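Q: I am sharing coords-v6.pdb, which consists of PDB, C-alpha atoms:
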```pdb
ATOM      1  CA  MET G   1       7.817   7.019  -7.585  1.00  0.00           C
ATOM      2  CA  GLU G   2      10.082   6.115  -4.674  1.00  0.00           C
ATOM      3  CA  SER G   3       9.941   2.748  -3.000  1.00  0.00           C
ATOM      4  CA  ALA G   4       8.822   2.743   0.601  1.00  0.00           C
ATOM      5  CA  GLN G   5      11.248  -0.123   1.191  1.00  0.00           C
ATOM      6  CA  GLY G   6      10.456  -2.203   4.237  1.00  0.00           C
ATOM      7  CA  HIS G   7       6.899  -0.872   4.445  1.00  0.00           C
ATOM      8  CA  ALA G   8       3.960  -3.193   3.991  1.00  0.00           C
ATOM      9  CA  VAL G   9       0.203  -3.548   4.300  1.00  0.00           C
ATOM     10  CA  THR G  10      -0.459  -4.769   7.861  1.00  0.00           C
ATOM     11  CA  GLY G  11      -4.247  -4.868   7.834  1.00  0.00           C
ATOM     12  CA  ILE G  12      -7.269  -4.898   5.538  1.00  0.00           C
ATOM     13  CA  ARG G  13     -10.781  -4.219   6.822  1.00  0.00           C
ATOM     14  CA  ILE G  14     -14.198  -3.748   5.328  1.00  0.00           C
ATOM     15  CA  PHE G  15     -17.299  -2.320   6.982  1.00  0.00           C
ATOM     16  CA  PRO G  16     -20.318  -3.681   5.095  1.00  0.00           C
ATOM     17  CA  VAL G  17     -22.958  -2.343   7.523  1.00  0.00           C
ATOM     18  CA  SER G  18     -22.909   1.152   9.043  1.00  0.00           C
ATOM     19  CA  GLY G  19     -22.421   1.077  12.809  1.00  0.00           C
ATOM     20  CA  LYS G  20     -21.524  -2.631  12.889  1.00  0.00           C
ATOM     21  CA  PRO G  21     -18.055  -4.092  13.513  1.00  0.00           C
ATOM     22  CA  GLY G  22     -15.783  -4.478  10.527  1.00  0.00           C
ATOM     23  CA  GLN G  23     -14.334  -7.637   9.041  1.00  0.00           C
ATOM     24  CA  SER G  24     -10.591  -8.266   8.765  1.00  0.00           C
ATOM     25  CA  LEU G  25      -9.443  -9.825   5.510  1.00  0.00           C
ATOM     26  CA  HIS G  26      -6.138 -11.236   4.285  1.00  0.00           C
ATOM     27  CA  THR G  27      -6.762 -10.389   0.621  1.00  0.00           C
ATOM     28  CA  VAL G  28      -9.302  -8.157  -1.096  1.00  0.00           C
ATOM     29  CA  GLU G  29     -10.173  -7.014  -4.580  1.00  0.00           C
ATOM     30  CA  VAL G  30     -10.156  -3.240  -4.903  1.00  0.00           C
ATOM     31  CA  GLU G  31     -12.704  -1.951  -7.401  1.00  0.00           C
ATOM     32  CA  PRO G  32     -12.870   1.576  -8.862  1.00  0.00           C
ATOM     33  CA  ASP G  33     -15.318   2.605  -6.122  1.00  0.00           C
ATOM     34  CA  GLY G  34     -13.597   0.865  -3.175  1.00  0.00           C
ATOM     35  CA  LEU G  35     -12.931  -2.494  -1.558  1.00  0.00           C
ATOM     36  CA  MET G  36     -15.218  -5.341  -2.615  1.00  0.00           C
ATOM     37  CA  GLY G  37     -17.780  -5.949   0.114  1.00  0.00           C
ATOM     38  CA  ASP G  38     -17.287  -2.562   1.775  1.00  0.00           C
ATOM     39  CA  ARG G  39     -20.182  -0.140   1.947  1.00  0.00           C
ATOM     40  CA  ARG G  40     -19.678   3.024  -0.036  1.00  0.00           C
ATOM     41  CA  LYS G  41     -18.644   6.016   2.051  1.00  0.00           C
ATOM     42  CA  LYS G  42     -17.258   9.548   1.640  1.00  0.00           C
ATOM     43  CA  SER G  43     -14.189   8.198  -0.127  1.00  0.00           C
ATOM     44  CA  PRO G  44     -13.509   4.904  -1.909  1.00  0.00           C
ATOM     45  CA  VAL G  45     -10.618   3.990   0.442  1.00  0.00           C
ATOM     46  CA  HIS G  46      -9.466   5.134   3.893  1.00  0.00           C
ATOM     47  CA  VAL G  47      -5.768   4.460   4.628  1.00  0.00           C
ATOM     48  CA  VAL G  48      -4.268   4.690   8.133  1.00  0.00           C
ATOM     49  CA  SER G  49      -0.815   4.283   9.636  1.00  0.00           C
ATOM     50  CA  SER G  50      -0.080   1.230  11.771  1.00  0.00           C
ATOM     51  CA  ALA G  51       1.688   3.675  14.129  1.00  0.00           C
ATOM     52  CA  GLU G  52      -1.569   5.455  15.033  1.00  0.00           C
ATOM     53  CA  PRO G  53      -2.563   5.051  18.668  1.00  0.00           C
ATOM     54  CA  ASP G  54      -5.627   2.796  18.889  1.00  0.00           C
ATOM     55  CA  VAL G  55      -5.315   1.935  15.188  1.00  0.00           C
ATOM     56  CA  GLU G  56      -7.780  -0.937  15.678  1.00  0.00           C
ATOM     57  CA  SER G  57     -10.562   1.507  16.572  1.00  0.00           C
ATOM     58  CA  VAL G  58     -10.128   3.537  13.371  1.00  0.00           C
ATOM     59  CA  ARG G  59     -12.660   2.499  10.725  1.00  0.00           C
ATOM     60  CA  ALA G  60     -10.074   2.517   7.922  1.00  0.00           C
ATOM     61  CA  ASN G  61      -9.761   0.019   5.065  1.00  0.00           C
ATOM     62  CA  LEU G  62      -5.997  -0.321   4.730  1.00  0.00           C
ATOM     63  CA  VAL G  63      -3.426  -0.203   7.520  1.00  0.00           C
ATOM     64  CA  VAL G  64       0.103   0.476   6.283  1.00  0.00           C
ATOM     65  CA  GLU G  65       3.574   0.725   7.810  1.00  0.00           C
ATOM     66  CA  LEU G  66       4.085   4.406   7.143  1.00  0.00           C
ATOM     67  CA  LEU G  67       4.208   7.118   9.784  1.00  0.00           C
ATOM     68  CA  PRO G  68       1.077   9.272  10.129  1.00  0.00           C
ATOM     69  CA  GLU G  69       3.132  12.301   9.046  1.00  0.00           C
ATOM     70  CA  GLN G  70       4.287  10.469   5.908  1.00  0.00           C
ATOM     71  CA  LEU G  71       0.702   9.665   4.914  1.00  0.00           C
ATOM     72  CA  GLU G  72      -0.547  13.202   5.499  1.00  0.00           C
ATOM     73  CA  ALA G  73       2.402  14.732   3.631  1.00  0.00           C
ATOM     74  CA  ALA G  74       1.711  12.399   0.703  1.00  0.00           C
ATOM     75  CA  VAL G  75      -1.763  13.780  -0.083  1.00  0.00           C
ATOM     76  CA  GLY G  76      -1.785  14.337  -3.849  1.00  0.00           C
ATOM     77  CA  SER G  77       0.629  11.448  -4.439  1.00  0.00           C
ATOM     78  CA  VAL G  78       0.142   7.848  -5.500  1.00  0.00           C
ATOM     79  CA  LEU G  79       0.490   4.919  -3.109  1.00  0.00           C
ATOM     80  CA  CYS G  80       0.861   1.389  -4.521  1.00  0.00           C
ATOM     81  CA  ALA G  81       0.030  -1.783  -2.631  1.00  0.00           C
ATOM     82  CA  GLY G  82      -0.244  -5.145  -4.369  1.00  0.00           C
ATOM     83  CA  SER G  83      -1.514  -4.426  -7.878  1.00  0.00           C
ATOM     84  CA  VAL G  84      -3.518  -1.392  -6.685  1.00  0.00           C
ATOM     85  CA  ARG G  85      -2.662   2.274  -7.255  1.00  0.00           C
ATOM     86  CA  LEU G  86      -4.331   4.737  -4.897  1.00  0.00           C
ATOM     87  CA  ARG G  87      -4.319   8.523  -5.231  1.00  0.00           C
ATOM     88  CA  LEU G  88      -4.170  10.001  -1.715  1.00  0.00           C
ATOM     89  CA  THR G  89      -6.713  12.824  -1.836  1.00  0.00           C
ATOM     90  CA  ALA G  90      -7.447  14.343   1.573  1.00  0.00           C
ATOM     91  CA  VAL G  91      -7.005  14.211   5.333  1.00  0.00           C
ATOM     92  CA  PRO G  92     -10.373  13.443   6.937  1.00  0.00           C
ATOM     93  CA  SER G  93     -11.670  15.800   9.586  1.00  0.00           C
ATOM     94  CA  GLY G  94     -12.011  14.156  12.961  1.00  0.00           C
ATOM     95  CA  CYS G  95     -10.162  10.887  12.323  1.00  0.00           C
ATOM     96  CA  PRO G  96      -6.621   9.786  11.482  1.00  0.00           C
ATOM     97  CA  GLY G  97      -5.352   8.620   8.126  1.00  0.00           C
ATOM     98  CA  VAL G  98      -6.021   9.811   4.600  1.00  0.00           C
ATOM     99  CA  TYR G  99      -8.697   9.269   1.996  1.00  0.00           C
ATOM    100  CA  ALA G 100      -7.832   7.840  -1.406  1.00  0.00           C
ATOM    101  CA  THR G 101      -9.378   7.237  -4.797  1.00  0.00           C
ATOM    102  CA  VAL G 102      -8.597   4.158  -6.876  1.00  0.00           C
ATOM    103  CA  GLU G 103      -6.458   4.889  -9.940  1.00  0.00           C
ATOM    104  CA  THR G 104      -5.770   1.243 -10.788  1.00  0.00           C
ATOM    105  CA  PRO G 105      -8.066  -1.471  -9.419  1.00  0.00           C
ATOM    106  CA  GLY G 106      -6.551  -4.808  -8.458  1.00  0.00           C
ATOM    107  CA  VAL G 107      -5.823  -7.061  -5.511  1.00  0.00           C
ATOM    108  CA  VAL G 108      -4.061  -6.247  -2.254  1.00  0.00           C
ATOM    109  CA  SER G 109      -3.037  -8.636   0.524  1.00  0.00           C
ATOM    110  CA  VAL G 110      -1.652  -8.292   4.036  1.00  0.00           C
ATOM    111  CA  GLY G 111       2.127  -8.340   3.695  1.00  0.00           C
ATOM    112  CA  ASP G 112       2.195  -6.722   0.253  1.00  0.00           C
ATOM    113  CA  PRO G 113       4.909  -4.085  -0.028  1.00  0.00           C
ATOM    114  CA  VAL G 114       3.845  -0.452  -0.080  1.00  0.00           C
ATOM    115  CA  ALA G 115       5.501   1.901  -2.564  1.00  0.00           C
ATOM    116  CA  GLY G 116       4.861   5.556  -2.924  1.00  0.00           C
ATOM    117  CA  PRO G 117       5.721   8.913  -1.585  1.00  0.00           C
TER     118      PRO G 117
END
```
Is it possible to express this structure as structure tokens?
A:
Amino acid sequence: MESAQGHAVTGIRIFPVSGKPGQSLHTVEVEPDGLMGDRRKKSPVHVVSSAEPDVESVRANLVVELLPEQLEAAVGSVLCAGSVRLRLTAVPSGCPGVYATVETPGVVSVGDPVAGP
């Protein structure tokens, strides 16, 4: 696995209630079925690029310093942030970013380095 040197987690958000605003966190525990406190959705984790226009309006869990093209090209690969390993599984229809499953649960914080594709 290559290091995505210089890339980091820039945001963490959970959305406990459908249709309600999300909550920004500095640190979160990532469980096998998603972020602690997040409601369960189509995929355990939704990852988006910090370079996306209007990134704050995207209802994604993790915001990372990778280009949108890098994330999309990495589907099928593993992305590590903090002590968490995520398998990037699919590009959602109708919204930016990628979906991921949790290979290794753990803790992730804003500022943690991102390693992966």
Q: Do you have the atom CA of G:Ala51-atom CA of G:Ile12 distance handy?
A: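 Taking atom CA of G:Ala51 and atom CA of G:Ile12, their separation equals 15.1 Å.
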Q: To test your reading of the syntax: which residues would the PyMOL selection byres ((chain G and resi 72-78) around 7) return for the file shown? Reply as a ChimeraX atom specification.
A: /G:68-71,79-80,85-91,98,116-117
Q: Which residues come within 12 Å of G:Gly11, counting only C-alpha atoms, excluding same-chain residues fewer than 6 positions away, as an NGL selection string?
A: :G and (22-28 or 46-50 or 55-56 or 58-65 or 81 or 108-112)
Q: Find the distance between atom CA of G:Thr10 and atom CA of G:Gly37 and write it in Å to one decimal.
A: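 So the two atoms, atom CA of G:Thr10 and atom CA of G:Gly37, lie 19.0 Å apart.
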Q: Between atom CA of G:Gly19 and atom CA of G:Thr104, what is the spacing in Å?
A: 28.9 Å
Q: For this structure, which residues satisfy the selection - the PyMOL selection byres ((chain G and resi 114) around 6) - when it is evaluated on the file as given? I want them as an MDAnalysis selection string.
A: chainID G and resid 4 7:8 80:81 113 115
Q: Next, write the just-selected residues to a file, as a PDB file, in the frame of the given file, keeping C-alpha atoms as the atom set.
A:
```pdb
ATOM      1  CA  ALA G   4       8.822   2.743   0.601  1.00  0.00           C
ATOM      2  CA  HIS G   7       6.899  -0.872   4.445  1.00  0.00           C
ATOM      3  CA  ALA G   8       3.960  -3.193   3.991  1.00  0.00           C
ATOM      4  CA  CYS G  80       0.861   1.389  -4.521  1.00  0.00           C
ATOM      5  CA  ALA G  81       0.030  -1.783  -2.631  1.00  0.00           C
ATOM      6  CA  PRO G 113       4.909  -4.085  -0.028  1.00  0.00           C
ATOM      7  CA  ALA G 115       5.501   1.901  -2.564  1.00  0.00           C
TER       8      ALA G 115
END
```
Q: Would you kindly translate the PyMOL selection byres ((chain G and resi 16) around 8) into the concrete residues it picks from this file, as a VMD selection string?
A: chain G and resid 14 to 15 17 to 18 20 22 37 to 39
Q: Counting only C-alpha atoms, which residue out of G:Glu52, G:Ser83, G:Arg13, G:Ala100 sits closest to G:Asp33?
A: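 The closest residue to G:Asp33 is G:Ala100.
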Q: With all atoms listed in the file counted, which protein, DNA or RNA residues have an atom no more than 10 Å from (-10.2, 1.5, -7.6) in the file frame? Please answer as a VMD selection string.
A: chain G and resid 29 to 36 44 to 45 84 to 87 100 to 107
Q: Name the closest residue to G:Ser43 among the candidates G:Val9, G:Tyr99, G:Gly94, G:Leu66; distances are taken between atoms, counting only C-alpha atoms.
A: G:Tyr99
Q: Could stretch 22-52 of chain G be completed with N, CA and C atoms and returned as a short mmCIF file (atom, residue, chain, number, x, y, z; two decimals), keeping the file's coordinate frame?
A:
```cif
data_model
loop_
_atom_site.label_atom_id
_atom_site.label_comp_id
_atom_site.auth_asym_id
_atom_site.auth_seq_id
_atom_site.Cartn_x
_atom_site.Cartn_y
_atom_site.Cartn_z
N GLY G 22 -16.35 -4.16 11.83
CA GLY G 22 -15.78 -4.48 10.53
C GLY G 22 -15.32 -5.92 10.46
N GLN G 23 -14.88 -6.30 9.28
CA GLN G 23 -14.33 -7.64 9.04
C GLN G 23 -12.89 -7.49 8.58
N SER G 24 -11.99 -8.25 9.19
CA SER G 24 -10.59 -8.27 8.76
C SER G 24 -10.43 -9.31 7.67
N LEU G 25 -9.68 -8.94 6.64
CA LEU G 25 -9.44 -9.82 5.51
C LEU G 25 -7.94 -9.98 5.30
N HIS G 26 -7.54 -11.07 4.66
CA HIS G 26 -6.14 -11.24 4.28
C HIS G 26 -5.88 -10.68 2.89
N THR G 27 -6.86 -10.84 2.00
CA THR G 27 -6.76 -10.39 0.62
C THR G 27 -8.10 -9.80 0.22
N VAL G 28 -8.06 -8.76 -0.62
CA VAL G 28 -9.30 -8.16 -1.10
C VAL G 28 -9.11 -7.62 -2.50
N GLU G 29 -10.17 -7.66 -3.28
CA GLU G 29 -10.17 -7.01 -4.58
C GLU G 29 -10.59 -5.56 -4.38
N VAL G 30 -9.84 -4.67 -4.98
CA VAL G 30 -10.16 -3.24 -4.90
C VAL G 30 -10.74 -2.83 -6.25
N GLU G 31 -11.98 -2.37 -6.21
CA GLU G 31 -12.70 -1.95 -7.40
C GLU G 31 -12.57 -0.44 -7.55
N PRO G 32 -12.99 0.13 -8.68
CA PRO G 32 -12.87 1.58 -8.86
C PRO G 32 -13.55 2.40 -7.76
N ASP G 33 -14.62 1.84 -7.15
CA ASP G 33 -15.32 2.60 -6.12
C ASP G 33 -15.04 2.10 -4.71
N GLY G 34 -13.99 1.29 -4.51
CA GLY G 34 -13.60 0.86 -3.18
C GLY G 34 -13.38 -0.63 -3.05
N LEU G 35 -13.19 -1.09 -1.82
CA LEU G 35 -12.93 -2.49 -1.56
C LEU G 35 -14.20 -3.31 -1.75
N MET G 36 -14.07 -4.46 -2.39
CA MET G 36 -15.22 -5.34 -2.62
C MET G 36 -15.80 -5.75 -1.26
N GLY G 37 -17.09 -5.59 -1.12
CA GLY G 37 -17.78 -5.95 0.11
C GLY G 37 -17.91 -4.82 1.10
N ASP G 38 -17.21 -3.72 0.88
CA ASP G 38 -17.29 -2.56 1.78
C ASP G 38 -18.47 -1.69 1.36
N ARG G 39 -19.12 -1.06 2.33
CA ARG G 39 -20.18 -0.14 1.95
C ARG G 39 -19.53 1.13 1.41
N ARG G 40 -20.23 1.81 0.57
CA ARG G 40 -19.68 3.02 -0.04
C ARG G 40 -19.81 4.19 0.94
N LYS G 41 -18.72 4.93 1.07
CA LYS G 41 -18.64 6.02 2.05
C LYS G 41 -18.20 7.30 1.36
N LYS G 42 -17.70 8.25 2.15
CA LYS G 42 -17.26 9.55 1.64
C LYS G 42 -16.15 9.42 0.60
N SER G 43 -15.32 8.41 0.77
CA SER G 43 -14.19 8.20 -0.13
C SER G 43 -14.09 6.70 -0.42
N PRO G 44 -13.61 6.33 -1.59
CA PRO G 44 -13.51 4.90 -1.91
C PRO G 44 -12.65 4.11 -0.92
N VAL G 45 -11.53 4.71 -0.45
CA VAL G 45 -10.62 3.99 0.44
C VAL G 45 -10.14 4.93 1.54
N HIS G 46 -10.02 4.40 2.75
CA HIS G 46 -9.47 5.13 3.89
C HIS G 46 -8.21 4.37 4.33
N VAL G 47 -7.06 5.06 4.30
CA VAL G 47 -5.77 4.46 4.63
C VAL G 47 -5.28 5.05 5.95
N VAL G 48 -4.76 4.21 6.84
CA VAL G 48 -4.27 4.69 8.13
C VAL G 48 -2.91 4.06 8.43
N SER G 49 -2.13 4.76 9.22
CA SER G 49 -0.82 4.28 9.64
C SER G 49 -0.94 3.26 10.75
N SER G 50 -0.11 2.23 10.69
CA SER G 50 -0.08 1.23 11.77
C SER G 50 0.49 1.83 13.05
N ALA G 51 1.11 3.01 12.96
CA ALA G 51 1.69 3.68 14.13
C ALA G 51 0.67 4.55 14.87
N GLU G 52 -0.54 4.67 14.35
CA GLU G 52 -1.57 5.46 15.03
C GLU G 52 -1.93 4.81 16.36
#
```
